[in-house]
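File shown: structure_11.txt. Contents: compact mmCIF, C-alpha atoms.
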```txt
# COMPACT_ATOMS: atom_id res chain seq x y z
CA MET Y 1 0.00 0.00 0.00
CA ILE Y 2 1.27 3.49 -0.87
CA LYS Y 3 2.11 5.59 2.17
CA TYR Y 4 1.81 9.37 2.21
CA ASN Y 5 3.04 11.90 4.74
CA TYR Y 6 -0.02 13.42 6.31
CA PHE Y 7 -0.30 16.85 7.94
CA PRO Y 8 -3.53 17.14 9.95
CA GLY Y 9 -3.30 20.69 11.33
CA CYS Y 10 -4.82 21.94 14.56
CA THR Y 11 -8.55 21.76 13.89
CA LEU Y 12 -8.58 18.14 12.74
CA LYS Y 13 -7.68 17.14 16.27
CA SER Y 14 -10.60 19.03 17.80
CA THR Y 15 -13.80 20.26 16.15
CA ALA Y 16 -13.06 18.62 12.80
CA VAL Y 17 -12.06 15.24 14.18
CA GLU Y 18 -14.62 13.55 11.93
CA LEU Y 19 -12.91 14.88 8.81
CA GLU Y 20 -9.74 13.07 9.87
CA LYS Y 21 -11.35 9.87 11.15
CA SER Y 22 -13.38 9.29 8.02
CA ALA Y 23 -10.41 10.05 5.77
CA LEU Y 24 -8.24 7.56 7.65
CA LYS Y 25 -10.99 4.94 7.33
CA VAL Y 26 -11.53 5.25 3.59
CA SER Y 27 -7.91 5.71 2.44
CA PRO Y 28 -7.02 1.97 2.61
CA LYS Y 29 -10.09 1.24 0.46
CA LEU Y 30 -8.43 3.31 -2.26
CA GLY Y 31 -5.04 1.70 -1.76
CA PHE Y 32 -3.15 4.25 0.31
CA GLU Y 33 -2.36 5.02 3.89
CA LEU Y 34 -1.86 8.38 5.59
CA VAL Y 35 1.06 8.50 8.00
CA GLU Y 36 0.89 11.43 10.40
CA LEU Y 37 4.00 13.61 10.52
CA PRO Y 38 5.89 13.55 13.78
CA ARG Y 39 6.10 16.83 15.77
CA TRP Y 40 4.07 18.88 13.31
CA HIS Y 41 3.23 22.54 13.93
CA CYS Y 42 0.18 24.64 13.29
CA CYS Y 43 0.59 26.00 9.75
CA GLY Y 44 -0.21 29.52 10.95
CA THR Y 45 -3.84 29.17 9.75
CA VAL Y 46 -3.81 31.98 7.21
CA ALA Y 47 -1.01 32.97 4.90
CA HIS Y 48 0.14 36.38 6.03
CA LEU Y 49 -0.23 38.83 3.18
CA SER Y 50 2.13 41.55 4.40
CA SER Y 51 5.40 41.58 2.54
CA ASP Y 52 7.28 42.55 5.70
CA ASN Y 53 5.94 39.92 8.12
CA LYS Y 54 7.98 36.74 8.40
CA MET Y 55 7.00 35.50 11.82
CA HIS Y 56 3.56 34.27 10.84
CA SER Y 57 5.05 31.94 8.24
CA LEU Y 58 7.44 30.11 10.56
CA GLY Y 59 4.96 27.41 11.62
CA ALA Y 60 4.43 26.40 8.01
CA VAL Y 61 8.16 26.26 7.30
CA ARG Y 62 8.77 24.13 10.40
CA THR Y 63 6.06 21.71 9.32
CA MET Y 64 7.64 21.48 5.87
CA ILE Y 65 10.99 20.75 7.54
CA ARG Y 66 9.28 17.83 9.31
CA VAL Y 67 8.19 16.61 5.87
CA GLN Y 68 11.69 17.02 4.47
CA GLU Y 69 13.11 14.99 7.38
CA THR Y 70 11.00 11.97 6.42
CA GLY Y 71 12.88 11.72 3.10
CA ASP Y 72 9.60 11.84 1.15
CA LEU Y 73 8.90 15.37 -0.05
CA LYS Y 74 5.18 14.92 -0.65
CA VAL Y 75 2.66 15.78 2.06
CA VAL Y 76 -1.12 15.38 2.04
CA THR Y 77 -3.51 17.75 3.82
CA LEU Y 78 -7.23 17.47 4.45
CA CYS Y 79 -7.85 21.03 5.59
CA SER Y 80 -8.24 23.58 2.78
CA ILE Y 81 -6.58 26.29 4.87
CA CYS Y 82 -3.49 24.20 5.68
CA TYR Y 83 -3.25 23.25 2.02
CA ASN Y 84 -3.28 26.87 0.90
CA THR Y 85 -0.98 28.17 3.63
CA LEU Y 86 1.74 25.55 3.09
CA LEU Y 87 1.73 26.23 -0.65
CA ARG Y 88 1.84 30.01 -0.27
CA VAL Y 89 4.62 29.97 2.30
CA ASN Y 90 6.61 27.54 0.16
CA GLU Y 91 6.21 29.82 -2.86
CA ARG Y 92 7.36 32.82 -0.84
CA PHE Y 93 10.34 30.83 0.42
CA ASN Y 94 11.34 30.11 -3.18
CA THR Y 95 10.75 33.58 -4.62
CA ASP Y 96 11.59 36.04 -1.82
CA GLU Y 97 15.33 35.92 -1.16
CA ASP Y 98 15.10 38.18 1.88
CA PHE Y 99 12.44 35.96 3.45
CA ARG Y 100 14.38 32.79 2.71
CA THR Y 101 17.61 34.08 4.22
CA ALA Y 102 15.94 35.42 7.36
CA VAL Y 103 13.95 32.21 7.95
CA VAL Y 104 16.95 29.94 7.42
CA GLU Y 105 19.11 32.03 9.75
CA PHE Y 106 16.40 32.21 12.39
CA MET Y 107 15.90 28.44 12.36
CA ASP Y 108 19.54 27.51 12.72
CA GLU Y 109 18.60 24.75 15.19
CA GLU Y 110 16.65 23.00 12.42
CA GLU Y 111 17.80 21.13 9.36
CA GLU Y 112 17.92 23.78 6.59
CA TYR Y 113 14.70 23.89 4.59
CA ARG Y 114 15.27 23.48 0.85
CA GLY Y 115 11.90 24.69 -0.45
CA GLU Y 116 11.11 21.42 -2.22
CA VAL Y 117 8.10 20.12 -0.32
CA GLU Y 118 5.10 19.36 -2.48
CA THR Y 119 1.80 19.89 -0.67
CA VAL Y 120 -1.23 18.17 -2.13
CA HIS Y 121 -4.82 18.05 -1.00
CA TYR Y 122 -6.55 14.73 -0.32
CA LEU Y 123 -8.96 15.47 -3.18
CA GLN Y 124 -6.00 15.68 -5.56
CA VAL Y 125 -4.79 12.29 -4.34
CA ILE Y 126 -8.20 10.82 -5.17
CA ASP Y 127 -8.21 12.58 -8.54
CA GLU Y 128 -4.82 11.04 -9.33
CA ILE Y 129 -5.90 7.55 -8.26
CA GLY Y 130 -8.90 7.95 -10.53
CA PHE Y 131 -12.63 7.98 -10.00
CA ASP Y 132 -13.00 4.50 -11.48
CA LYS Y 133 -11.06 3.19 -8.48
CA VAL Y 134 -13.39 5.16 -6.23
CA LYS Y 135 -16.34 3.50 -7.93
CA ASP Y 136 -14.76 0.08 -7.38
CA ALA Y 137 -14.40 0.79 -3.65
CA VAL Y 138 -18.06 1.68 -3.19
CA ILE Y 139 -20.07 -1.00 -1.36
CA ARG Y 140 -23.16 1.13 -0.89
CA PRO Y 141 -23.95 3.43 -3.83
CA LEU Y 142 -25.59 6.58 -2.45
CA LYS Y 143 -28.36 6.55 -5.02
CA ASN Y 144 -30.91 8.21 -2.73
CA LEU Y 145 -28.74 11.20 -1.95
CA LYS Y 146 -28.58 14.58 -3.68
CA VAL Y 147 -25.30 16.23 -2.85
CA ALA Y 148 -24.08 19.77 -3.53
CA PRO Y 149 -20.29 20.21 -3.47
CA TYR Y 150 -18.98 23.38 -1.83
CA TYR Y 151 -15.39 24.49 -2.46
CA GLY Y 152 -15.12 27.87 -0.78
CA CYS Y 153 -11.99 29.94 -1.35
CA LEU Y 154 -8.76 28.30 -0.43
CA LEU Y 155 -8.96 25.13 -2.51
CA LEU Y 156 -9.26 27.31 -5.60
CA ARG Y 157 -7.62 30.67 -5.05
CA PRO Y 158 -5.20 32.22 -5.79
CA ARG Y 159 -5.43 30.56 -9.18
CA GLN Y 160 -1.92 29.05 -9.18
CA PHE Y 161 -2.77 27.01 -6.06
CA SER Y 162 -6.13 25.72 -7.29
CA ILE Y 163 -6.74 21.98 -6.84
CA ASP Y 164 -8.77 22.10 -10.03
CA GLY Y 165 -7.68 23.21 -13.51
CA ASN Y 166 -10.76 25.42 -13.68
CA PRO Y 167 -11.00 27.47 -10.47
CA GLU Y 168 -14.15 29.29 -11.62
CA ALA Y 169 -16.01 26.05 -12.42
CA PRO Y 170 -14.28 23.20 -10.59
CA SER Y 171 -15.37 19.58 -10.97
CA ILE Y 172 -13.23 17.37 -8.69
CA MET Y 173 -15.86 17.07 -5.98
CA GLU Y 174 -18.60 16.62 -8.57
CA ASN Y 175 -16.68 13.67 -9.99
CA LEU Y 176 -16.31 12.24 -6.50
CA VAL Y 177 -20.04 12.57 -5.70
CA ASP Y 178 -20.85 10.93 -9.01
CA ALA Y 179 -18.43 8.05 -8.38
CA LEU Y 180 -20.06 7.45 -4.99
CA GLY Y 181 -23.37 6.95 -6.76
CA ALA Y 182 -25.09 10.09 -5.46
CA GLU Y 183 -26.74 12.74 -7.59
CA VAL Y 184 -24.60 15.84 -8.15
CA ILE Y 185 -26.40 19.09 -7.38
CA ASP Y 186 -24.95 22.31 -8.71
CA ASN Y 187 -24.83 25.34 -6.46
CA PRO Y 188 -24.20 28.82 -7.90
CA TYR Y 189 -22.54 29.73 -4.58
CA LYS Y 190 -20.11 26.80 -4.51
CA ILE Y 191 -16.96 28.93 -4.89
CA GLU Y 192 -18.11 31.85 -2.72
CA CYS Y 193 -16.52 32.58 0.64
CA CYS Y 194 -18.46 31.40 3.73
CA GLY Y 195 -17.31 34.36 5.81
CA ALA Y 196 -14.39 32.40 7.28
CA PHE Y 197 -12.96 33.71 10.58
CA GLU Y 198 -15.32 36.71 10.52
CA THR Y 199 -17.49 34.16 12.39
CA VAL Y 200 -15.63 34.91 15.64
CA HIS Y 201 -16.68 38.53 16.08
CA ASN Y 202 -19.34 38.94 13.39
CA PRO Y 203 -21.54 35.81 13.46
CA ASP Y 204 -24.66 37.46 12.05
CA GLN Y 205 -22.92 38.48 8.87
CA VAL Y 206 -21.58 34.95 8.42
CA ALA Y 207 -25.11 33.61 8.95
CA GLY Y 208 -26.24 35.83 6.07
CA MET Y 209 -23.46 34.57 3.82
CA ILE Y 210 -24.03 30.89 4.54
CA TYR Y 211 -27.77 31.40 4.02
CA ASN Y 212 -27.04 32.14 0.35
CA ILE Y 213 -24.87 29.03 0.08
CA VAL Y 214 -27.36 26.68 1.77
CA GLU Y 215 -30.35 28.09 -0.10
CA GLY Y 216 -28.47 27.94 -3.40
CA ALA Y 217 -28.04 24.21 -2.85
CA ARG Y 218 -31.57 23.70 -1.52
CA LYS Y 219 -33.24 25.42 -4.47
CA ASN Y 220 -31.55 22.92 -6.75
CA GLY Y 221 -32.82 20.04 -4.63
CA ALA Y 222 -29.83 19.13 -2.45
CA ASP Y 223 -30.16 17.01 0.72
CA THR Y 224 -26.71 17.97 1.93
CA ILE Y 225 -23.62 20.02 1.14
CA ILE Y 226 -20.08 18.61 1.27
CA THR Y 227 -16.94 20.56 2.08
CA SER Y 228 -13.27 19.94 2.85
CA CYS Y 229 -12.64 22.89 5.14
CA PRO Y 230 -13.10 22.70 8.93
CA LEU Y 231 -13.92 26.41 9.04
CA CYS Y 232 -16.44 26.28 6.18
CA HIS Y 233 -17.98 23.28 7.91
CA PHE Y 234 -18.27 25.13 11.21
CA ASN Y 235 -19.89 28.12 9.52
CA LEU Y 236 -22.25 26.18 7.27
CA ASP Y 237 -23.21 23.82 10.09
CA TYR Y 238 -23.20 25.84 13.31
CA ARG Y 239 -24.25 29.22 11.90
CA GLN Y 240 -27.52 27.68 10.68
CA LYS Y 241 -28.46 27.83 14.37
CA ILE Y 242 -28.76 31.60 13.94
CA LEU Y 243 -30.93 31.10 10.84
CA GLU Y 244 -33.18 28.75 12.83
CA LYS Y 245 -33.77 31.60 15.28
CA VAL Y 246 -34.33 34.44 12.84
CA LYS Y 247 -36.00 32.79 9.84
CA PRO Y 248 -39.51 31.45 10.42
CA ASN Y 249 -39.87 27.73 9.52
CA TYR Y 250 -36.21 27.46 8.61
CA GLU Y 251 -35.25 23.87 7.88
CA PRO Y 252 -31.62 23.19 8.74
CA MET Y 253 -29.58 21.23 6.21
CA PRO Y 254 -26.96 18.72 7.43
CA ILE Y 255 -23.44 19.54 6.21
CA LEU Y 256 -20.91 16.73 5.63
CA TYR Y 257 -17.20 16.57 5.04
CA PHE Y 258 -16.48 14.99 1.66
CA THR Y 259 -14.71 12.18 3.48
CA GLU Y 260 -17.86 11.47 5.50
CA LEU Y 261 -19.75 11.01 2.25
CA MET Y 262 -17.05 8.54 1.20
CA GLU Y 263 -17.42 6.75 4.54
CA LEU Y 264 -21.16 6.34 3.91
CA ALA Y 265 -20.44 4.69 0.57
CA MET Y 266 -17.37 2.60 1.44
CA ILE Y 267 -17.58 1.45 5.08
CA GLU Y 268 -19.75 -1.39 6.32
CA GLU Y 269 -20.67 0.04 9.73
CA LYS Y 270 -22.99 2.93 10.31
CA PRO Y 271 -21.07 6.06 11.27
CA ALA Y 272 -21.36 7.61 14.71
CA TRP Y 273 -20.48 11.24 14.07
CA ARG Y 274 -20.70 13.37 17.17
CA ARG Y 275 -19.35 16.76 16.17
CA HIS Y 276 -22.22 17.93 13.98
CA HIS Y 277 -24.47 20.76 15.16
CA ILE Y 278 -27.12 19.97 12.55
CA ASP Y 279 -27.99 16.29 12.99
CA PRO Y 280 -26.75 14.28 9.97
CA LYS Y 281 -29.07 11.34 10.85
CA PRO Y 282 -31.48 11.90 7.92
CA ILE Y 283 -28.55 11.67 5.50
CA ILE Y 284 -27.19 8.52 7.14
CA GLU Y 285 -30.64 6.91 7.02
CA LYS Y 286 -31.08 7.81 3.37
CA ALA Y 287 -27.66 6.36 2.55
CA PHE Y 288 -28.54 3.14 4.35
CA GLY Y 289 -31.92 3.02 2.58
CA GLU Y 290 -33.91 3.44 5.76
CA ASN Y 291 -36.26 6.15 4.61
CA MET R 1 -20.09 58.66 -3.93
CA GLU R 2 -18.45 62.03 -3.65
CA VAL R 3 -14.70 61.93 -3.90
CA GLU R 4 -12.46 64.70 -2.70
CA ILE R 5 -9.04 64.86 -4.30
CA LYS R 6 -6.46 65.28 -1.55
CA GLU R 7 -2.73 65.77 -1.44
CA PRO R 8 -1.67 62.23 -0.47
CA SER R 9 0.61 61.60 2.46
CA VAL R 10 3.66 60.25 0.68
CA GLU R 11 4.72 58.35 3.76
CA LEU R 12 1.38 56.56 4.07
CA ARG R 13 1.21 55.91 0.33
CA ASP R 14 4.62 54.28 0.34
CA LYS R 15 3.73 52.26 3.41
CA ILE R 16 0.56 50.83 1.84
CA ILE R 17 2.41 49.92 -1.34
CA GLU R 18 5.39 48.50 0.56
CA ILE R 19 3.40 46.32 2.98
CA SER R 20 0.95 45.07 0.35
CA GLY R 21 3.38 44.80 -2.55
CA GLU R 22 0.47 46.05 -4.69
CA ASP R 23 0.08 49.31 -6.61
CA TYR R 24 -3.51 50.54 -6.41
CA HIS R 25 -2.79 53.11 -9.14
CA ARG R 26 -3.13 50.28 -11.65
CA CYS R 27 -6.89 50.04 -10.95
CA TYR R 28 -9.10 51.47 -13.73
CA GLN R 29 -12.43 51.11 -11.92
CA CYS R 30 -14.06 48.30 -13.90
CA GLY R 31 -15.80 47.01 -10.77
CA GLU R 32 -15.02 43.29 -11.24
CA CYS R 33 -13.77 43.13 -7.64
CA THR R 34 -16.98 44.54 -6.23
CA SER R 35 -19.23 42.32 -8.35
CA GLY R 36 -17.43 39.21 -7.12
CA CYS R 37 -17.03 40.21 -3.46
CA PRO R 38 -19.33 38.18 -1.19
CA ALA R 39 -19.04 40.78 1.57
CA ALA R 40 -19.60 43.90 -0.58
CA GLY R 41 -23.22 44.15 0.56
CA GLU R 42 -22.08 44.84 4.12
CA MET R 43 -19.33 47.28 3.22
CA ASP R 44 -19.54 51.07 3.65
CA ILE R 45 -16.98 51.50 0.85
CA VAL R 46 -17.15 48.77 -1.80
CA PRO R 47 -13.91 47.20 -3.09
CA ASN R 48 -13.41 49.32 -6.23
CA GLN R 49 -14.07 52.44 -4.16
CA VAL R 50 -11.20 51.47 -1.86
CA ASN R 51 -8.87 51.78 -4.83
CA MET R 52 -10.54 54.98 -6.00
CA LEU R 53 -10.21 56.67 -2.60
CA LEU R 54 -6.61 55.59 -2.28
CA GLN R 55 -5.90 56.99 -5.75
CA SER R 56 -7.47 60.29 -4.77
CA GLY R 57 -5.35 60.47 -1.63
CA ASP R 58 -8.16 60.09 0.91
CA PHE R 59 -6.41 57.48 3.05
CA GLU R 60 -8.23 58.51 6.19
CA ARG R 61 -11.65 57.56 4.83
CA VAL R 62 -10.42 54.10 3.88
CA LEU R 63 -8.57 53.52 7.14
CA GLU R 64 -11.69 54.43 9.12
CA SER R 65 -14.00 52.27 6.99
CA LYS R 66 -15.73 49.03 8.02
CA THR R 67 -14.59 47.54 4.74
CA ILE R 68 -11.02 46.71 5.69
CA TRP R 69 -12.31 44.59 8.60
CA LEU R 70 -14.92 42.79 6.49
CA CYS R 71 -12.42 41.41 3.98
CA VAL R 72 -11.30 37.90 4.93
CA ALA R 73 -9.06 37.48 1.88
CA CYS R 74 -11.07 34.99 -0.19
CA PHE R 75 -9.09 36.26 -3.25
CA GLN R 76 -12.13 36.45 -5.53
CA CYS R 77 -11.27 40.08 -6.37
CA ALA R 78 -7.63 39.24 -6.95
CA THR R 79 -8.52 36.30 -9.21
CA ARG R 80 -10.84 38.36 -11.40
CA CYS R 81 -8.97 41.67 -11.57
CA PRO R 82 -7.97 42.34 -15.21
CA ARG R 83 -5.23 44.69 -13.95
CA GLY R 84 -3.71 42.12 -11.60
CA VAL R 85 -4.33 44.13 -8.44
CA ASP R 86 -4.67 41.97 -5.32
CA LEU R 87 -7.04 43.99 -3.17
CA SER R 88 -6.87 41.41 -0.38
CA LYS R 89 -3.24 42.38 0.07
CA ILE R 90 -4.11 46.09 0.06
CA ASN R 91 -6.77 45.49 2.73
CA GLU R 92 -4.23 43.53 4.74
CA ALA R 93 -1.80 46.46 4.55
CA LEU R 94 -4.51 48.92 5.65
CA ARG R 95 -5.39 46.69 8.63
CA GLN R 96 -1.73 46.33 9.50
CA ILE R 97 -1.29 50.11 9.53
CA LYS R 98 -4.03 50.27 12.20
CA ILE R 99 -3.01 47.14 14.11
CA ARG R 100 0.63 48.16 14.34
CA LYS R 101 -0.54 51.16 16.35
CA ASN R 102 -2.29 48.71 18.67
CA MET R 103 -5.73 49.58 17.35
CA ASP R 104 -7.20 46.09 17.64
CA LEU R 105 -10.64 45.54 16.16
CA PHE R 106 -11.84 43.85 19.36
CA ASN R 107 -10.78 42.57 22.74
CA ILE R 108 -9.78 38.94 22.18
CA TRP R 109 -10.75 37.81 25.68
CA GLU R 110 -14.26 39.16 25.31
CA VAL R 111 -14.75 37.74 21.83
CA ALA R 112 -13.27 34.31 22.53
CA SER R 113 -15.68 33.76 25.40
CA THR R 114 -18.74 34.26 23.17
CA GLY R 115 -18.74 30.65 21.96
CA GLU R 116 -16.80 27.50 21.20
CA PHE R 117 -14.84 28.07 18.04
CA PRO R 118 -12.60 25.82 15.94
CA ALA R 119 -8.93 26.53 16.64
CA VAL R 120 -8.47 27.66 13.06
CA ALA R 121 -11.13 30.38 13.42
CA LEU R 122 -9.61 31.85 16.57
CA VAL R 123 -6.01 31.86 15.40
CA ALA R 124 -6.92 33.31 12.01
CA SER R 125 -9.19 35.96 13.46
CA PHE R 126 -6.65 37.11 16.07
CA ARG R 127 -3.87 37.20 13.50
CA LYS R 128 -5.90 39.28 11.06
CA PHE R 129 -7.69 41.66 13.39
CA THR R 130 -5.48 42.16 16.45
CA ALA R 131 -1.85 42.99 17.19
```
The structure given in the file should be rewritten as structure tokens.
Amino acid sequence: MIKYNYFPGCTLKSTAVELEKSALKVSPKLGFELVELPRWHCCGTVAHLSSDNKMHSLGAVRTMIRVQETGDLKVVTLCSICYNTLLRVNERFNTDEDFRTAVVEFMDEEEEYRGEVETVHYLQVIDEIGFDKVKDAVIRPLKNLKVAPYYGCLLLRPRQFSIDGNPEAPSIMENLVDALGAEVIDNPYKIECCGAFETVHNPDQVAGMIYNIVEGARKNGADTIITSCPLCHFNLDYRQKILEKVKPNYEPMPILYFTELMELAMIEEKPAWRRHHIDPKPIIEKAFGEN
Amino acid sequence: MEVEIKEPSVELRDKIIEISGEDYHRCYQCGECTSGCPAAGEMDIVPNQVNMLLQSGDFERVLESKTIWLCVACFQCATRCPRGVDLSKINEALRQIKIRKNMDLFNIWEVASTGEFPAVALVASFRKFTA
């Protein structure tokens, strides 16, 4: 079985634990195994955009040094934010001489980073393996489910870091949903921002933004939305609680990680997900043909 | 909107361009950024107006706007800009100019106690909006 270095990042060990667990469960079904990096650091969460700030990029560089130390320069992430941050910091390391020199000198206790780590997202790994293989691994085609993929920002932008060749109209997740036997539902808001970390001090605005995303999917008939980002998931899932309070007769929609959808199609046992704010039970029952 | 042409503070102008690495003078006001911005509806100055006000030297109005705190850098504007201006970087520079004078957007202790947030939300929010 192929083994890949795996960088979880902070949130996959807490609120997004289900994203990690389901990914680890389904990987062997597709012929690969994720091996968690030793002593990894937080990636810094967001790539710092100031040309004169170096400090906020150190976590990402340290993590990439951990990758380099394994002897295998490829690393897989599940979190969209980690994916984007590692790539951006690596690009800066390779193009900004001043940054590179300062970082290398500052980290003189570490093995010198060479700027060669290749960060890939789990969805790209699946894409490379091929959706026919995904189809072969399905034991329970999700034929009763209508699923709307949601990409958000950081899997697609900036353009040079997009997981999909067409960042304005991506199709990787659509191909995945199709291979799992579910019906693909298009959502005009699938590449719009969910409001991200604005959720901490400005929850009402985020509720307004995710309303557009959820309703966009609902109008086209979706039962659920899938995402790969722990922050998008938190906003789409938890911020519907605000909509339940302010919108009369609002019907909350369960939000799944894309790996949870894979778990429904590939794993024998019924999942016991505990970190969802909107109960995913109706989706699980539909997948198992119980309603 | 009414725009007053002001003598720009050269120091501030250079600072914005240096921190962001972006030159807002390149903007020719096509409005692509605003049409793609998912937060534009909440903004007091919409994205293309940020560039327009900067070009006309009215830095104060932009620095005091809600807009710079509503941008979470989703890069939609940057991706669609035909002039290659990355407004998310300009907004970051404008926030940094405030934050580096210790003008945090909020008190982190008060905000963090308002709910249980994913680690990624807290770290990102504090890094973007506080010193």
Set out as a tab-separated table a contact list for chain Y and chain R with a cut-off of 7 Å, giving each residue of chain Y that qualifies its closest atom pair and distance in Å to one decimal, counting all atoms listed in the file, ordered by chain and rising residue number.
```
residue	atom	partner	partner_atom	distance
Y:Cys10	CA	R:Ala119	CA	6.5
Y:Thr11	CA	R:Ala119	CA	5.5
Y:Thr15	CA	R:Pro118	CA	5.7
Y:Thr45	CA	R:Ala124	CA	5.6
Y:Val46	CA	R:Ala124	CA	5.9
Y:Leu49	CA	R:Lys89	CA	5.6
Y:Ser50	CA	R:Ile19	CA	5.1
Y:Ser51	CA	R:Ile19	CA	5.2
Y:Asp52	CA	R:Ile19	CA	6.1
Y:Cys153	CA	R:Cys74	CA	5.3
Y:Arg157	CA	R:Phe75	CA	6.1
Y:Pro158	CA	R:Phe75	CA	6.2
Y:Arg159	CA	R:Thr79	CA	6.5
Y:Glu192	CA	R:Pro38	CA	6.6
Y:Cys193	CA	R:Cys74	CA	6.0
Y:Ala196	CA	R:Val72	CA	6.7
Y:Phe197	CA	R:Ala121	CA	4.7
Y:Glu198	CA	R:Ser125	CA	6.8
Y:Val200	CA	R:Ala121	CA	6.8
Y:His201	CA	R:Val111	CA	6.1
Y:Leu231	CA	R:Ala121	CA	6.5
```
Which neighbours of stretch 53-62 of chain Y fall inside 8 Å, counting all atoms listed in the file, when residues of the same chain fewer than 2 positions from it are skipped, and could you give them as JSON, numbers by chain?
-> {"Y": [40, 41, 42, 43, 44, 47, 48, 49, 50, 51, 64, 65, 66, 85, 86, 89, 90, 99, 103, 113]}
Selected residues written out with C-alpha atoms, as a PDB file, keeping the file's coordinate frame:
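The resulting out-v3.pdb:
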```
ATOM      1  CA  TRP Y  40       4.070  18.880  13.310  1.00  0.00           C
ATOM      2  CA  HIS Y  41       3.230  22.540  13.930  1.00  0.00           C
ATOM      3  CA  CYS Y  42       0.180  24.640  13.290  1.00  0.00           C
ATOM      4  CA  CYS Y  43       0.590  26.000   9.750  1.00  0.00           C
ATOM      5  CA  GLY Y  44      -0.210  29.520  10.950  1.00  0.00           C
ATOM      6  CA  ALA Y  47      -1.010  32.970   4.900  1.00  0.00           C
ATOM      7  CA  HIS Y  48       0.140  36.380   6.030  1.00  0.00           C
ATOM      8  CA  LEU Y  49      -0.230  38.830   3.180  1.00  0.00           C
ATOM      9  CA  SER Y  50       2.130  41.550   4.400  1.00  0.00           C
ATOM     10  CA  SER Y  51       5.400  41.580   2.540  1.00  0.00           C
ATOM     11  CA  MET Y  64       7.640  21.480   5.870  1.00  0.00           C
ATOM     12  CA  ILE Y  65      10.990  20.750   7.540  1.00  0.00           C
ATOM     13  CA  ARG Y  66       9.280  17.830   9.310  1.00  0.00           C
ATOM     14  CA  THR Y  85      -0.980  28.170   3.630  1.00  0.00           C
ATOM     15  CA  LEU Y  86       1.740  25.550   3.090  1.00  0.00           C
ATOM     16  CA  VAL Y  89       4.620  29.970   2.300  1.00  0.00           C
ATOM     17  CA  ASN Y  90       6.610  27.540   0.160  1.00  0.00           C
ATOM     18  CA  PHE Y  99      12.440  35.960   3.450  1.00  0.00           C
ATOM     19  CA  VAL Y 103      13.950  32.210   7.950  1.00  0.00           C
ATOM     20  CA  TYR Y 113      14.700  23.890   4.590  1.00  0.00           C
TER      21      TYR Y 113
END
```
Distance criterion (only C-alpha atoms): nearest to Y:Val67 out of Y:Asp223, Y:Asp98, Y:Glu118, Y:Glu91 | Y:Glu118
So which residues touch R:Ile45 within 8 Å, counting only C-alpha atoms, skipping near sequence neighbours fewer than 6 positions away, as an NGL selection string?
-> :R and (62 or 65-67)
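Of the listed residues (R:Ser56, R:Gln29, R:Asn51, R:Thr130), R:Ser56 comes nearest to R:Glu7; the distances count all atoms listed in the file.
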